[in-house]
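Undergrad: Structure file protein.csv (CSV, C-alpha atoms and all ligand atoms) is given on the next line.
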chain,number,residue,atom,x,y,z
A,248,MET,CA,98.9,125.7,91.3
A,249,ARG,CA,95.1,126.2,90.9
A,250,SER,CA,93.0,123.2,89.7
A,251,GLU,CA,89.3,122.5,89.8
A,252,PHE,CA,89.6,118.8,89.0
A,253,VAL,CA,87.2,116.7,91.2
A,254,VAL,CA,87.7,113.1,92.1
A,255,PRO,CA,84.7,111.2,93.4
A,256,THR,CA,84.9,110.1,97.0
A,257,ASP,CA,83.2,106.7,96.5
A,258,LEU,CA,86.0,105.1,94.7
A,259,ASP,CA,86.5,101.4,93.9
A,260,THR,CA,89.5,99.4,95.0
A,261,ALA,CA,92.4,99.6,92.5
A,262,THR,CA,95.3,97.2,92.4
A,263,ARG,CA,98.3,96.7,90.2
A,264,HIS,CA,97.8,94.0,87.6
A,265,PRO,CA,100.0,91.0,88.4
A,266,ARG,CA,101.5,91.2,84.9
A,267,ALA,CA,102.1,95.0,84.9
A,268,ALA,CA,105.6,96.3,84.2
A,269,ALA,CA,107.7,96.1,87.3
A,270,PRO,CA,109.0,99.3,88.9
A,271,GLY,CA,111.9,100.6,86.7
A,272,GLU,CA,110.7,98.7,83.6
A,273,PRO,CA,109.2,100.4,80.5
A,274,VAL,CA,105.4,100.2,80.5
A,275,GLY,CA,105.6,99.6,76.7
A,276,GLU,CA,104.0,101.2,73.8
A,277,HIS,CA,100.3,100.7,73.2
A,278,ASN,CA,100.7,101.1,69.5
A,279,PRO,CA,104.0,101.1,67.6
A,280,VAL,CA,102.9,104.0,65.5
A,281,CYS,CA,101.3,106.1,68.3
A,282,TYR,CA,102.3,109.8,68.1
A,283,GLY,CA,103.1,109.8,71.8
A,284,CYS,CA,104.8,106.5,72.5
A,285,GLY,CA,105.3,104.6,69.2
A,286,SER,CA,108.9,103.6,68.5
A,287,ARG,CA,108.0,103.7,64.8
A,288,ALA,CA,106.1,107.0,64.7
A,289,PRO,CA,108.2,109.1,62.3
A,290,HIS,CA,107.2,112.5,63.7
A,291,GLY,CA,106.2,111.4,67.2
A,292,LEU,CA,107.4,112.2,70.8
A,293,ASN,CA,108.7,108.6,71.1
A,294,LEU,CA,108.1,108.8,74.9
A,295,ARG,CA,109.4,105.9,76.9
A,296,THR,CA,107.3,105.7,80.0
A,297,ILE,CA,108.7,103.8,83.0
A,298,ALA,CA,106.7,102.1,85.8
A,299,GLY,CA,107.3,103.6,89.2
A,300,ASP,CA,106.4,102.3,92.6
A,301,GLY,CA,102.8,101.5,93.3
A,302,LEU,CA,100.4,103.0,90.7
A,303,THR,CA,102.8,105.6,89.3
A,304,VAL,CA,104.8,106.1,86.1
A,305,TRP,CA,107.3,108.6,84.8
A,306,ALA,CA,109.0,109.7,81.6
A,307,ASP,CA,111.7,112.1,80.6
A,308,MET,CA,111.2,114.3,77.5
A,309,ALA,CA,114.0,116.4,75.9
A,310,VAL,CA,112.5,119.7,74.8
A,311,THR,CA,113.9,120.0,71.2
A,312,PRO,CA,113.7,123.0,68.9
A,313,TRP,CA,110.8,121.5,66.8
A,314,MET,CA,108.6,121.7,70.0
A,315,GLU,CA,108.8,125.5,70.2
A,316,GLY,CA,105.7,127.5,70.8
A,317,GLY,CA,106.5,130.9,72.3
A,318,PRO,CA,110.1,132.1,71.6
A,319,GLY,CA,112.5,129.6,73.3
A,320,VAL,CA,109.8,127.7,75.1
A,321,ILE,CA,107.7,124.6,74.5
A,322,HIS,CA,104.3,124.7,72.8
A,323,GLY,CA,101.6,124.0,75.4
A,324,GLY,CA,99.9,121.5,73.1
A,325,ILE,CA,103.1,119.4,73.0
A,326,LEU,CA,103.3,119.4,76.7
A,327,SER,CA,99.6,118.4,76.8
A,328,THR,CA,100.3,115.5,74.5
A,329,ALA,CA,103.1,114.3,76.7
A,330,PHE,CA,100.9,114.5,79.8
A,331,ASP,CA,98.2,112.6,78.0
A,332,GLU,CA,100.6,109.9,77.0
A,333,VAL,CA,102.2,109.5,80.4
A,334,MET,CA,99.0,109.5,82.3
A,335,GLY,CA,97.6,107.1,79.7
A,336,ALA,CA,100.1,104.5,80.9
A,337,ILE,CA,98.4,104.3,84.3
A,338,PRO,CA,95.5,102.1,83.0
A,339,LYS,CA,98.1,99.7,81.7
A,340,LEU,CA,99.4,99.2,85.3
A,341,LEU,CA,95.8,98.2,86.1
A,342,GLY,CA,95.7,95.8,83.2
A,343,ALA,CA,93.1,97.9,81.4
A,344,ASN,CA,92.8,99.3,77.9
A,345,ALA,CA,91.5,102.9,78.2
A,346,VAL,CA,91.1,106.1,76.3
A,347,THR,CA,91.2,109.7,77.4
A,348,VAL,CA,87.7,111.4,77.9
A,349,HIS,CA,88.9,114.4,79.8
A,350,LEU,CA,92.3,116.2,80.0
A,351,GLU,CA,93.1,119.4,81.7
A,352,ILE,CA,96.4,121.2,82.2
A,353,ASP,CA,97.5,124.0,84.5
A,354,TYR,CA,100.6,125.7,83.1
A,355,GLY,CA,102.6,127.4,85.9
A,356,LYS,CA,106.0,128.3,84.3
A,357,PRO,CA,107.4,128.5,80.8
A,358,VAL,CA,109.3,125.3,79.8
A,359,SER,CA,112.6,126.1,78.0
A,360,VAL,CA,113.7,124.6,74.8
A,361,GLY,CA,116.9,122.7,75.6
A,362,SER,CA,115.6,121.5,79.0
A,363,THR,CA,114.6,117.9,79.9
A,364,VAL,CA,111.3,117.7,81.5
A,365,ARG,CA,110.3,114.8,83.8
A,366,LEU,CA,106.6,113.9,83.8
A,367,HIS,CA,105.5,112.0,86.8
A,368,ALA,CA,101.9,110.5,86.8
A,369,GLU,CA,99.9,108.8,89.5
A,370,LEU,CA,96.6,107.1,89.9
A,371,LEU,CA,94.1,109.1,91.9
A,372,GLY,CA,91.3,106.5,91.8
A,373,VAL,CA,89.0,104.3,89.9
A,374,GLN,CA,85.2,104.4,89.7
A,375,ARG,CA,83.5,101.8,87.5
A,376,ARG,CA,85.1,102.3,84.0
A,377,LYS,CA,86.6,105.7,84.9
A,378,ILE,CA,90.3,106.1,85.9
A,379,PHE,CA,91.3,109.4,87.5
A,380,THR,CA,95.0,110.5,87.2
A,381,LYS,CA,97.3,113.4,88.0
A,382,ALA,CA,100.7,114.3,86.6
A,383,VAL,CA,103.4,116.8,87.4
A,384,ALA,CA,106.0,118.2,85.0
A,385,HIS,CA,109.2,119.3,86.6
A,386,LEU,CA,113.0,119.7,86.2
A,387,GLY,CA,114.0,117.4,89.0
A,388,ASP,CA,112.1,118.6,92.0
A,389,PRO,CA,108.5,117.5,91.9
A,390,ASN,CA,107.6,120.2,94.5
A,391,ASP,CA,108.8,122.8,92.0
A,392,SER,CA,106.3,122.1,89.2
A,393,LEU,CA,106.2,123.6,85.8
A,394,ALA,CA,102.8,122.3,85.0
A,395,ILE,CA,100.2,120.0,86.5
A,396,ALA,CA,97.7,117.8,84.5
A,397,HIS,CA,94.6,115.8,85.4
A,398,ALA,CA,92.8,113.3,83.2
A,399,VAL,CA,90.0,110.8,83.2
A,400,PHE,CA,90.4,107.7,81.2
A,401,VAL,CA,87.6,105.3,80.4
A,402,THR,CA,88.2,101.6,79.9
A,403,ILE,CA,87.3,100.2,76.5
A,404,LYS,CA,87.3,96.9,74.6
A,405,GLY,CA,90.1,97.6,72.2
A,406,ARG,CA,88.9,95.4,69.4
A,407,GLU,CA,85.4,96.9,69.4
A,408,HIS,CA,86.5,100.4,70.0
A,409,PHE,CA,89.0,100.6,67.1
A,410,SER,CA,87.4,98.2,64.6
A,411,ASP,CA,85.9,101.0,62.4
A,412,TYR,CA,89.2,102.9,62.3
A,413,VAL,CA,91.9,100.3,62.1
A,414,GLU,CA,92.1,100.5,58.3
A,415,ASN,CA,93.3,104.1,58.7
A,416,SER,CA,96.3,103.0,60.8
A,417,ARG,CA,99.8,103.2,59.4
A,418,ALA,CA,100.1,99.7,60.8
A,419,ALA,CA,96.8,98.4,59.4
A,420,ASP,CA,98.5,95.3,57.9
A,421,GLU,CA,99.7,94.3,61.3
A,422,TYR,CA,96.4,95.0,63.1
A,423,ARG,CA,94.1,93.6,60.4
A,424,PRO,CA,94.5,89.9,61.4
A,425,HIS,CA,93.5,90.8,65.1
A,426,PHE,CA,90.3,92.5,63.9
A,427,THR,CA,89.2,89.9,61.2
A,428,PRO,CA,86.3,87.9,62.7
B,501,LIG,C1,93.5,92.3,69.5
B,501,LIG,C2,93.9,93.7,69.0
B,501,LIG,C3,93.3,94.8,69.8
B,501,LIG,C4,94.2,96.0,69.7
B,501,LIG,C5,93.7,97.2,70.4
B,501,LIG,C6,94.7,98.2,70.7
B,501,LIG,C7,94.8,98.4,72.2
B,501,LIG,C8,95.1,99.9,72.4
B,501,LIG,C9,94.4,100.2,73.7
B,501,LIG,C10,94.3,101.4,74.1
B,501,LIG,C11,94.8,102.5,73.3
B,501,LIG,C12,95.0,103.7,74.2
B,501,LIG,C13,95.4,104.9,73.3
B,501,LIG,C14,95.8,106.0,74.2
B,501,LIG,C15,96.3,107.1,73.3
B,501,LIG,C16,96.6,108.3,74.2
B,501,LIG,C17,95.3,108.8,74.8
B,501,LIG,C18,94.4,109.3,73.7
B,501,LIG,O1,94.8,110.2,73.0
B,501,LIG,S1,92.9,108.6,73.6
B,501,LIG,C19,92.1,109.4,72.2
B,501,LIG,C20,91.2,110.5,72.6
B,501,LIG,N1,90.0,109.9,73.2
B,501,LIG,C21,89.0,109.3,72.5
B,501,LIG,O2,89.0,109.2,71.3
B,501,LIG,C22,87.8,108.9,73.3
B,501,LIG,C23,86.5,109.3,72.6
B,501,LIG,N2,85.4,108.9,73.5
B,501,LIG,C24,84.7,107.7,73.3
B,501,LIG,O3,85.0,107.0,72.4
B,501,LIG,C25,83.7,107.4,74.3
B,501,LIG,O4,83.4,108.5,75.1
B,501,LIG,C26,84.0,106.2,75.3
B,501,LIG,C27,84.0,104.9,74.5
B,501,LIG,C28,85.4,106.4,75.9
B,501,LIG,C29,83.0,106.1,76.4
B,501,LIG,O5,81.7,106.0,75.8
B,501,LIG,P1,80.7,104.9,76.3
B,501,LIG,O6,79.4,105.1,75.6
B,501,LIG,O7,81.4,103.5,76.3
B,501,LIG,O8,80.6,105.1,77.9
B,501,LIG,P2,79.9,106.3,78.7
B,501,LIG,O9,78.8,105.8,79.5
B,501,LIG,O10,79.6,107.5,77.8
B,501,LIG,O11,81.1,106.8,79.7
B,501,LIG,C30,81.6,105.8,80.6
B,501,LIG,C31,81.8,106.6,81.9
B,501,LIG,O12,82.7,107.7,81.6
B,501,LIG,C32,82.2,108.9,82.0
B,501,LIG,N3,82.6,110.0,81.1
B,501,LIG,C33,82.5,110.0,79.8
B,501,LIG,N4,83.0,111.2,79.3
B,501,LIG,C34,83.5,111.8,80.4
B,501,LIG,C35,84.2,113.1,80.5
B,501,LIG,N5,84.5,113.8,79.5
B,501,LIG,N6,84.6,113.4,81.7
B,501,LIG,C36,84.4,112.6,82.8
B,501,LIG,N7,83.7,111.5,82.7
B,501,LIG,C37,83.3,111.1,81.5
B,501,LIG,C38,80.6,108.7,81.9
B,501,LIG,O13,80.0,109.6,82.7
B,501,LIG,C39,80.5,107.3,82.5
B,501,LIG,O14,80.7,107.4,83.9
B,501,LIG,P3,79.8,106.5,84.9
B,501,LIG,O15,80.4,105.2,85.1
B,501,LIG,O16,78.4,106.5,84.3
B,501,LIG,O17,79.8,107.4,86.1
Let's see the structure in the file written out as structure tokens.
TA:
Amino acid sequence: MRSEFVVPTDLDTATRHPRAAAPGEPVGEHNPVCYGCGSRAPHGLNLRTIAGDGLTVWADMAVTPWMEGGPGVIHGGILSTAFDEVMGAIPKLLGANAVTVHLEIDYGKPVSVGSTVRLHAELLGVQRRKIFTKAVAHLGDPNDSLAIAHAVFVTIKGREHFSDYVENSRAADEYRPHFTP
């Protein structure tokens, strides 16, 4: 599948954080009301991302009727969200808080409503605050991909980054104590 994503050659060393989720364990939600991973997000994807070996993660997503775009197939934006979410778990394996600055998707085949898609993401490299990732969506054979995604995440200081927005959160009452000086 065609992709023009470029990863720098002068990468930093990247290692798994000693307290990162062990392989086979859930990486955990970064916000309980997150549209992608939040267990309390009423209309969300509720994705449960699992740590893989090394700097990899995976998640399964059942493609349900509300996800429809073209007749009988998933909307590309939903798949894009799922990719963003799963690749967004890679910084957590590094012990970092990070947000997406760049996301691109190559859609290779339609994804049927009723199927269960596996999304498998890996770290491509780290350079300063930038974290480069790749993910593949497939139905069981990673070599037979439905779509491929690439993303760049940039590390942030969570408290500073979200302080102007936290009052808009559904969970503002829970967050507010962490943001009060
Ligand atoms: C105690 C309680 C605390 C609780 C806290 C909660 C913890 C939760 C933690 C984590 C939540 C994760 C949530 C994930 C949700 C799923 C993923 C999403 O949907 S994320 C939403 C969409 N993304 C955004 O809203 C980002 C918007 N962008 C920004 O805010 C800024 O761009 C920011 C802060 C990320 C960077 O801005 P700068 O001013 O700090 O830094 P500059 O210098 O511009 O960029 C740093 C490096 O990144 C490169 N960069 C920037 N944009 C790039 C791009 N589009 N493509 C490639 N590289 C880019 C730059 O070239 C620079 O690289 P060089 O080191 O100089 O080489």
Undergrad: Show me which residues sit within 9 Å of ligand LIG 501 (chain B) when counting all atoms listed in the file, and put them as a compact mmCIF listing (two decimals) with C-alpha atoms, keeping the file's coordinate frame.
TA:
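See selection.txt below for the written result:
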# COMPACT_ATOMS: atom_id res chain seq x y z
CA HIS A 277 100.30 100.70 73.20
CA ASN A 278 100.70 101.10 69.50
CA CYS A 281 101.30 106.10 68.30
CA TYR A 282 102.30 109.80 68.10
CA GLY A 283 103.10 109.80 71.80
CA CYS A 284 104.80 106.50 72.50
CA THR A 328 100.30 115.50 74.50
CA ASP A 331 98.20 112.60 78.00
CA GLU A 332 100.60 109.90 77.00
CA VAL A 333 102.20 109.50 80.40
CA MET A 334 99.00 109.50 82.30
CA GLY A 335 97.60 107.10 79.70
CA ALA A 336 100.10 104.50 80.90
CA PRO A 338 95.50 102.10 83.00
CA LYS A 339 98.10 99.70 81.70
CA ALA A 343 93.10 97.90 81.40
CA ASN A 344 92.80 99.30 77.90
CA ALA A 345 91.50 102.90 78.20
CA VAL A 346 91.10 106.10 76.30
CA THR A 347 91.20 109.70 77.40
CA VAL A 348 87.70 111.40 77.90
CA HIS A 349 88.90 114.40 79.80
CA LEU A 350 92.30 116.20 80.00
CA GLN A 374 85.20 104.40 89.70
CA ARG A 375 83.50 101.80 87.50
CA ARG A 376 85.10 102.30 84.00
CA LYS A 377 86.60 105.70 84.90
CA ILE A 378 90.30 106.10 85.90
CA PHE A 379 91.30 109.40 87.50
CA ALA A 398 92.80 113.30 83.20
CA VAL A 399 90.00 110.80 83.20
CA PHE A 400 90.40 107.70 81.20
CA VAL A 401 87.60 105.30 80.40
CA THR A 402 88.20 101.60 79.90
CA ILE A 403 87.30 100.20 76.50
CA LYS A 404 87.30 96.90 74.60
CA GLY A 405 90.10 97.60 72.20
CA ARG A 406 88.90 95.40 69.40
CA GLU A 407 85.40 96.90 69.40
CA HIS A 408 86.50 100.40 70.00
CA PHE A 409 89.00 100.60 67.10
CA SER A 410 87.40 98.20 64.60
CA TYR A 422 96.40 95.00 63.10
CA ARG A 423 94.10 93.60 60.40
CA PRO A 424 94.50 89.90 61.40
CA HIS A 425 93.50 90.80 65.10
CA PHE A 426 90.30 92.50 63.90
Undergrad: Rank A:Ser362, A:Thr256, A:Ser416, A:Ser250 by their smallest atom-to-atom distance to Ala309 in chain A, using only C-alpha atoms, and report the top residue only.
TA: A:Ser362
Undergrad: Find the residue from A:Arg263, A:His322, A:Arg365, A:Ala396 that sits nearest to Arg295 in chain A; use all atoms listed in the file when measuring.
TA: A:Arg365
Undergrad: Contacts of Gly299 in chain A at 10 Å or less, counting all atoms listed in the file, minus same-chain residues fewer than 5 places along, as an MDAnalysis selection string?
TA: chainID A and resid 268:274 304:306 340 367:369
Undergrad: Which polymer residues have any atom within 12 Å of an atom of Glu251 in chain A, counting all atoms listed in the file, with same-chain residues fewer than 2 positions away left out, as a PyMOL selection string?
TA: chain A and resi 248-249+253-254+351-353+395-398
Undergrad: Separation of CA of Leu302 in chain A and CA of Thr363 in chain A, in Å?
TA: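 For CA of Leu302 in chain A relative to CA of Thr363 in chain A, the distance reads 23.2 Å.
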Undergrad: In Å, with one decimal, what is the gap from CA of Asp391 in chain A to CA of Val364 in chain A?
TA: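 We find that CA of Asp391 in chain A and CA of Val364 in chain A lie 11.9 Å from each other.
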Undergrad: Enter the distance from CA of Leu326 in chain A to CA of Val413 in chain A, in Å, rounded to one decimal.
TA: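 A separation of 26.6 Å between them.
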Undergrad: For range 357-361 of chain A, find every residue with an atom within 7 Å (counting all atoms listed in the file), except residues of its own chain fewer than 6 positions away, and show them as a list in words.
TA: Ala309, Val310, Thr311, Pro312, Glu315, Gly319, Val320, Ile321 and Leu393 of chain A
Undergrad: Find the residue from A:Val280, A:Ala267, A:Met314, A:Leu341 that sits nearest to Val373 in chain A; use only C-alpha atoms when measuring.
TA: A:Leu341
Undergrad: Which one is closest to Ala298 in chain A: A:Ala384, A:Asp257, A:Leu366, A:Leu371? Count only C-alpha atoms.
TA: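 The answer is A:Leu366, which sits nearest to Ala298 in chain A.
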Undergrad: From the list A:Gly372, A:Gly323, A:Gly285, A:Pro279, which residue is nearest Gly355 in chain A when using all atoms listed in the file?
TA: A:Gly323
Undergrad: Taking only C-alpha atoms into account, which of A:Ile337, A:Ile297, A:Ala288, A:Ala418 comes nearest Lys381 in chain A?
TA: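 Ranked by minimum distance to Lys381 in chain A, first place goes to A:Ile337.
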